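To be precise, the following lines are entry30.cif, and they hold mmCIF, C-alpha atoms.
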```cif
data_my_file
loop_
_atom_site.group_PDB
_atom_site.id
_atom_site.type_symbol
_atom_site.label_atom_id
_atom_site.label_comp_id
_atom_site.auth_asym_id
_atom_site.auth_seq_id
_atom_site.Cartn_x
_atom_site.Cartn_y
_atom_site.Cartn_z
ATOM 1 C CA MET Q 26 117.191 186.331 201.182
ATOM 2 C CA ALA Q 27 117.286 186.255 197.402
ATOM 3 C CA TYR Q 28 119.880 184.353 195.432
ATOM 4 C CA LYS Q 29 121.406 185.743 192.307
ATOM 5 C CA ILE Q 30 121.386 183.299 189.422
ATOM 6 C CA ASP Q 31 123.889 183.946 186.678
ATOM 7 C CA LYS Q 32 122.682 183.646 183.097
ATOM 8 C CA PRO Q 33 124.861 181.587 180.767
ATOM 9 C CA LYS Q 34 126.838 183.686 178.320
ATOM 10 C CA ARG Q 35 125.625 182.979 174.775
ATOM 11 C CA SER Q 36 126.572 184.684 171.583
ATOM 12 C CA LEU Q 37 124.057 186.250 169.230
ATOM 13 C CA GLY Q 38 124.413 183.278 166.856
ATOM 14 C CA ASP Q 39 123.618 180.858 169.661
ATOM 15 C CA GLN Q 40 120.549 182.828 170.659
ATOM 16 C CA ALA Q 41 119.186 183.014 167.103
ATOM 17 C CA TYR Q 42 119.596 179.251 166.485
ATOM 18 C CA VAL Q 43 120.805 179.983 162.964
ATOM 19 C CA ALA Q 44 123.169 177.019 162.804
ATOM 20 C CA GLU Q 45 120.476 174.563 163.947
ATOM 21 C CA ALA Q 46 117.921 175.959 161.481
ATOM 22 C CA VAL Q 47 120.437 175.583 158.628
ATOM 23 C CA LYS Q 48 121.103 171.945 159.645
ATOM 24 C CA GLY Q 49 117.370 171.169 159.587
ATOM 25 C CA LEU Q 50 116.870 172.838 156.207
ATOM 26 C CA GLY Q 51 119.901 170.986 154.840
ATOM 27 C CA LEU Q 52 118.384 167.639 155.816
ATOM 28 C CA THR Q 53 115.014 168.571 154.291
ATOM 29 C CA ILE Q 54 116.584 169.762 151.029
ATOM 30 C CA SER Q 55 118.820 166.683 150.749
ATOM 31 C CA ARG Q 56 115.802 164.366 151.195
ATOM 32 C CA PHE Q 57 113.848 166.387 148.631
ATOM 33 C CA PHE Q 58 116.515 166.009 145.952
ATOM 34 C CA LYS Q 59 117.214 162.364 146.850
ATOM 35 C CA ASN Q 60 113.508 161.447 146.505
ATOM 36 C CA THR Q 61 112.968 163.543 143.380
ATOM 37 C CA PHE Q 62 115.964 162.613 141.242
ATOM 38 C CA SER Q 63 117.174 159.208 142.417
ATOM 39 C CA LYS Q 64 116.057 155.783 141.253
ATOM 40 C CA GLU Q 65 113.138 154.044 142.974
ATOM 41 C CA GLU Q 66 115.284 151.695 145.091
ATOM 42 C CA ASN Q 67 117.427 154.574 146.435
ATOM 43 C CA LYS Q 68 114.536 156.784 147.523
ATOM 44 C CA VAL Q 69 114.164 157.591 151.189
ATOM 45 C CA ILE Q 70 110.428 158.172 151.411
ATOM 46 C CA ALA Q 71 109.091 158.424 154.927
ATOM 47 C CA THR Q 72 105.454 158.997 154.019
ATOM 48 C CA VAL Q 73 102.654 156.788 152.759
ATOM 49 C CA ARG Q 74 100.993 157.876 149.527
ATOM 50 C CA TYR Q 75 97.508 158.026 150.985
ATOM 51 C CA PRO Q 76 94.857 157.215 149.671
ATOM 52 C CA ASP Q 77 96.636 155.121 147.023
ATOM 53 C CA GLU Q 78 98.533 153.247 149.744
ATOM 54 C CA VAL Q 79 96.954 152.363 153.061
ATOM 55 C CA ARG Q 80 99.161 151.523 156.002
ATOM 56 C CA GLU Q 81 98.191 148.333 157.833
ATOM 57 C CA TYR Q 82 96.923 148.718 161.381
ATOM 58 C CA PRO Q 83 98.971 147.139 164.146
ATOM 59 C CA GLU Q 84 97.685 143.834 165.491
ATOM 60 C CA ARG Q 85 96.650 145.438 168.782
ATOM 61 C CA PHE Q 86 94.782 148.383 167.197
ATOM 62 C CA ARG Q 87 91.728 149.336 169.256
ATOM 63 C CA GLY Q 88 88.911 150.157 166.868
ATOM 64 C CA VAL Q 89 85.182 150.629 167.228
ATOM 65 C CA HIS Q 90 83.545 148.543 169.957
ATOM 66 C CA ARG Q 91 81.333 145.582 169.194
ATOM 67 C CA LEU Q 92 79.224 143.141 171.185
ATOM 68 C CA THR Q 93 79.755 139.486 170.385
ATOM 69 C CA HIS Q 94 76.971 136.949 169.847
ATOM 70 C CA ARG Q 95 76.321 133.467 171.083
ATOM 71 C CA THR Q 96 75.550 130.784 168.528
ATOM 72 C CA ASP Q 97 71.809 131.366 169.048
ATOM 73 C CA GLY Q 98 72.175 135.081 168.169
ATOM 74 C CA SER Q 99 71.705 136.442 171.686
ATOM 75 C CA PRO Q 100 74.296 138.821 173.142
ATOM 76 C CA ARG Q 101 77.122 137.153 175.009
ATOM 77 C CA CYS Q 102 76.941 139.962 177.599
ATOM 78 C CA VAL Q 103 75.535 138.930 181.003
ATOM 79 C CA ALA Q 104 75.181 142.535 182.233
ATOM 80 C CA CYS Q 105 77.699 142.072 185.038
ATOM 81 C CA LEU Q 106 78.676 145.760 184.749
ATOM 82 C CA CYS Q 107 82.413 144.986 184.892
ATOM 83 C CA CYS Q 108 83.077 146.973 181.713
ATOM 84 C CA SER Q 109 81.205 150.066 182.863
ATOM 85 C CA THR Q 110 82.918 149.870 186.263
ATOM 86 C CA ALA Q 111 86.380 149.589 184.677
ATOM 87 C CA CYS Q 112 85.787 152.437 182.216
ATOM 88 C CA PRO Q 113 87.738 155.543 183.331
ATOM 89 C CA ALA Q 114 85.749 157.788 180.957
ATOM 90 C CA GLN Q 115 82.388 156.449 182.211
ATOM 91 C CA CYS Q 116 81.095 156.160 178.655
ATOM 92 C CA ILE Q 117 79.325 152.776 179.059
ATOM 93 C CA TYR Q 118 75.752 152.592 180.334
ATOM 94 C CA ILE Q 119 74.032 149.238 180.960
ATOM 95 C CA GLU Q 120 70.568 148.378 182.264
ATOM 96 C CA PRO Q 121 70.423 144.686 183.220
ATOM 97 C CA ALA Q 122 67.278 142.576 182.842
ATOM 98 C CA GLU Q 123 66.272 139.003 183.685
ATOM 99 C CA TYR Q 124 65.407 136.370 181.089
ATOM 100 C CA GLU Q 125 61.788 135.267 180.837
ATOM 101 C CA PRO Q 126 60.583 132.076 182.598
ATOM 102 C CA GLY Q 127 61.052 129.095 180.327
ATOM 103 C CA ASP Q 128 64.386 130.320 178.940
ATOM 104 C CA ALA Q 129 67.366 128.047 179.728
ATOM 105 C CA ARG Q 130 69.135 131.023 181.302
ATOM 106 C CA TYR Q 131 66.214 132.064 183.532
ATOM 107 C CA GLY Q 132 67.093 132.429 187.196
ATOM 108 C CA TYR Q 133 70.854 132.647 187.053
ATOM 109 C CA GLU Q 134 71.890 134.886 184.155
ATOM 110 C CA ARG Q 135 70.970 138.398 183.064
ATOM 111 C CA TYR Q 136 71.159 140.180 179.744
ATOM 112 C CA PRO Q 137 71.618 143.859 178.862
ATOM 113 C CA LYS Q 138 68.207 145.431 178.275
ATOM 114 C CA VAL Q 139 70.048 148.663 177.414
ATOM 115 C CA PHE Q 140 73.712 148.781 176.417
ATOM 116 C CA VAL Q 141 75.037 152.153 175.247
ATOM 117 C CA ILE Q 142 78.572 153.370 174.539
ATOM 118 C CA ASP Q 143 79.232 157.072 173.988
ATOM 119 C CA GLU Q 144 82.120 156.965 171.519
ATOM 120 C CA LEU Q 145 82.761 160.693 171.991
ATOM 121 C CA ARG Q 146 83.640 160.150 175.659
ATOM 122 C CA CYS Q 147 85.569 156.925 175.049
ATOM 123 C CA ILE Q 148 89.357 157.187 175.296
ATOM 124 C CA PHE Q 149 89.894 153.763 173.623
ATOM 125 C CA CYS Q 150 91.981 152.435 176.509
ATOM 126 C CA GLY Q 151 90.633 148.888 176.204
ATOM 127 C CA TYR Q 152 89.915 148.456 179.925
ATOM 128 C CA CYS Q 153 86.346 147.366 179.135
ATOM 129 C CA VAL Q 154 87.639 144.521 176.961
ATOM 130 C CA GLU Q 155 90.100 143.398 179.638
ATOM 131 C CA ALA Q 156 87.464 143.554 182.389
ATOM 132 C CA CYS Q 157 84.819 141.516 180.551
ATOM 133 C CA PRO Q 158 84.716 137.952 181.940
ATOM 134 C CA CYS Q 159 82.516 136.669 179.091
ATOM 135 C CA ASP Q 160 84.425 137.979 176.046
ATOM 136 C CA ALA Q 161 81.277 139.971 175.216
ATOM 137 C CA ILE Q 162 82.843 143.301 174.269
ATOM 138 C CA ARG Q 163 85.707 143.646 171.842
ATOM 139 C CA MET Q 164 87.567 146.375 169.992
ATOM 140 C CA ASP Q 165 88.870 144.157 167.173
ATOM 141 C CA THR Q 166 86.843 145.681 164.334
ATOM 142 C CA GLY Q 167 89.841 147.336 162.669
ATOM 143 C CA VAL Q 168 87.885 150.497 161.839
ATOM 144 C CA HIS Q 169 87.816 154.023 163.223
ATOM 145 C CA VAL Q 170 84.706 155.700 164.559
ATOM 146 C CA PRO Q 171 83.044 157.058 161.398
ATOM 147 C CA ALA Q 172 83.075 160.826 160.927
ATOM 148 C CA SER Q 173 79.828 162.705 161.449
ATOM 149 C CA THR Q 174 78.545 166.176 162.276
ATOM 150 C CA GLU Q 175 75.748 164.865 164.518
ATOM 151 C CA ARG Q 176 76.489 163.936 168.148
ATOM 152 C CA GLU Q 177 73.819 161.237 168.216
ATOM 153 C CA HIS Q 178 75.716 159.285 165.538
ATOM 154 C CA PHE Q 179 78.420 158.613 168.133
ATOM 155 C CA ILE Q 180 76.044 157.047 170.660
ATOM 156 C CA PHE Q 181 76.131 153.314 169.879
ATOM 157 C CA ASP Q 182 73.259 151.273 171.335
ATOM 158 C CA LYS Q 183 73.002 147.486 171.665
ATOM 159 C CA GLU Q 184 71.611 146.945 168.149
ATOM 160 C CA VAL Q 185 74.407 148.976 166.544
ATOM 161 C CA LEU Q 186 77.102 147.281 168.635
ATOM 162 C CA MET Q 187 75.790 143.820 167.748
ATOM 163 C CA SER Q 188 75.663 144.666 164.027
ATOM 164 C CA ILE Q 189 79.400 145.417 163.791
ATOM 165 C CA PRO Q 190 81.512 142.423 162.721
ATOM 166 C CA GLY Q 191 85.051 141.687 163.842
ATOM 167 C CA GLN Q 192 88.051 142.193 161.603
ATOM 168 C CA ASP Q 193 87.661 138.581 160.452
ATOM 169 C CA GLY Q 194 84.014 139.256 159.510
ATOM 170 C CA THR Q 195 82.459 137.142 162.266
ATOM 171 C CA TYR Q 196 79.907 138.075 164.913
ATOM 172 C CA VAL Q 197 79.885 134.873 166.996
ATOM 173 C CA THR Q 198 82.693 134.032 169.389
ATOM 174 C CA GLU Q 199 83.449 130.780 171.096
ATOM 175 C CA ASN Q 200 83.942 131.283 174.796
ATOM 176 C CA PRO Q 201 85.869 128.621 176.718
ATOM 177 C CA ARG Q 202 83.180 128.499 179.423
ATOM 178 C CA HIS Q 203 80.080 126.318 179.048
ATOM 179 C CA GLU Q 204 77.011 127.811 177.415
ATOM 180 C CA PRO Q 205 73.814 128.052 179.503
ATOM 181 C CA GLY Q 206 71.475 125.143 178.981
ATOM 182 C CA ASP Q 207 74.395 122.784 178.322
ATOM 183 C CA PRO Q 208 73.942 119.609 180.451
ATOM 184 C CA SER Q 209 77.621 119.771 181.452
ATOM 185 C CA HIS Q 210 77.239 123.346 182.707
ATOM 186 C CA PRO Q 211 78.854 123.406 186.171
ATOM 187 C CA GLY Q 212 76.728 126.317 187.423
ATOM 188 C CA ILE Q 213 73.437 126.529 189.282
ATOM 189 C CA THR Q 214 70.943 123.755 188.701
ATOM 190 C CA ARG Q 215 67.480 124.918 187.725
ATOM 191 C CA GLU Q 216 65.633 122.488 189.998
ATOM 192 C CA ALA Q 217 67.382 123.045 193.309
ATOM 193 C CA GLY Q 218 68.557 126.603 192.686
ATOM 194 C CA HIS Q 219 72.033 125.885 194.049
ATOM 195 C CA HIS Q 220 75.307 124.135 193.139
#
```

Could you express the structure from this file as structure tokens?
Amino acid sequence: MAYKIDKPKRSLGDQAYVAEAVKGLGLTISRFFKNTFSKEENKVIATVRYPDEVREYPERFRGVHRLTHRTDGSPRCVACLCCSTACPAQCIYIEPAEYEPGDARYGYERYPKVFVIDELRCIFCGYCVEACPCDAIRMDTGVHVPASTEREHFIFDKEVLMSIPGQDGTYVTENPRHEPGDPSHPGITREAGHH
């Protein structure tokens, strides 16, 4: 059984939205004259005069990704794959590799042989930064992804990611955990292979 729904009764003026359009134009015209003819301190300017003025980014702005370095220049990333697992866009690809025998990190830590981020697929959610236990990936560069007409310019490999500095200009980060090779490192001992 069908129900009959009554339409609200509206006048022709209500249906044409003339009154609302006039209100909007009145506000626009008043702002135009106020900004054009009033003194500088009385102006109500809601826009930034780009490129002469540049608006500051918010503190939590998520810019281009970067990989942080240890003090010896190696990547801080241990190829745990937490960032690629947390990424909803699946734009991070990592191939882990083992360190060579003789390296202080041999036997208990890996490094990323391949680390690639497809910036075209990235949604800049920041989940990769939150998931990283080693503070290896950050989005604190303060810059946008540069414009380009070539798709391959948006595929950032390990070398590109490690060459991007943070907003403060640094590449190295201090992680609160012990560095491998440090005698006070609480991890696996190299001799016994256990804790």

For the PyMOL selection byres ((chain Q and resi 91-100) around 7), applied here, can you spell out every residue it catches as a list of chain:residue names?
Q:Val89, Q:His90, Q:Arg101, Q:Cys102, Q:Ala161, Q:Ile162, Q:Arg163, Q:Met164, Q:Leu186, Q:Met187, Q:Ile189, Q:Tyr196, Q:Val197, Q:Thr198

Given the file above and the PyMOL selection byres ((chain Q and resi 144-153) around 6), which residues are selected, and can you give them as a PyMOL selection string?
chain Q and resi 108+111-112+114+116+142-143+154-156+179

The PyMOL selection byres ((chain Q and resi 86) around 10) - which residues does that actually catch in the file I just gave you? List them as a list in words.
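This file gives the following for the PyMOL selection byres ((chain Q and resi 86) around 10): Glu81, Tyr82, Pro83, Glu84, Arg85, Arg87, Gly88, Val89, Phe149, Gly151, Met164, Asp165, Thr166, Gly167, Val168 and His169 of chain Q.
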
Could you check how far atom CA of Glu175 of chain Q sits from atom CA of Tyr75 of chain Q, in Å to one decimal?
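Spanning atom CA of Glu175 of chain Q to atom CA of Tyr75 of chain Q is a straight-line distance of 26.5 Å.
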
Can you pull out the residues contacting Pro137 of chain Q? Cut-off 8 Å, using all atoms listed in the file, and skip same-chain residues under 4 positions away; I want them as an MDAnalysis selection string.
chainID Q and resid 102:104 119:122

For atom CA of Val170 of chain Q and atom CA of Arg135 of chain Q, quote the distance in Å rounded to one decimal.
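Answer for the atom CA of Val170 of chain Q to atom CA of Arg135 of chain Q separation: 28.8 Å.
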
Determine, counting all atoms listed in the file, which protein, DNA and RNA residues have an atom within 6 Å of an atom of Val141 of chain Q; residues of the same chain fewer than 4 positions away are not included. Present the result as a list in words.
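After dropping sequence-adjacent residues, the list is Ile117, Tyr118, Phe181 and Asp182 of chain Q.
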
Using only C-alpha atoms, which protein or nucleic acid residues come within 8 Å of Glu134 of chain Q? Drop anything in the same chain fewer than 2 positions from it, and give the result as a list in words.
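My list of contacting residues is Val103, Glu123, Tyr124, Arg130, Tyr131, Gly132 and Tyr136 of chain Q.
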
Interatomic distance, atom CA of Ile54 of chain Q to atom CA of Asp39 of chain Q (Å, one decimal)
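Between these atoms lies a distance of 22.8 Å.
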
Axis-aligned box over every listed atom of segment 149-159 of chain Q, padded by 4 Å per side: centre and edges in Å to one decimal, as lines of an AutoDock Vina configuration file?
```
center_x = 87.2
center_y = 145.2
center_z = 178.0
size_x = 17.5
size_y = 25.1
size_z = 16.8
```
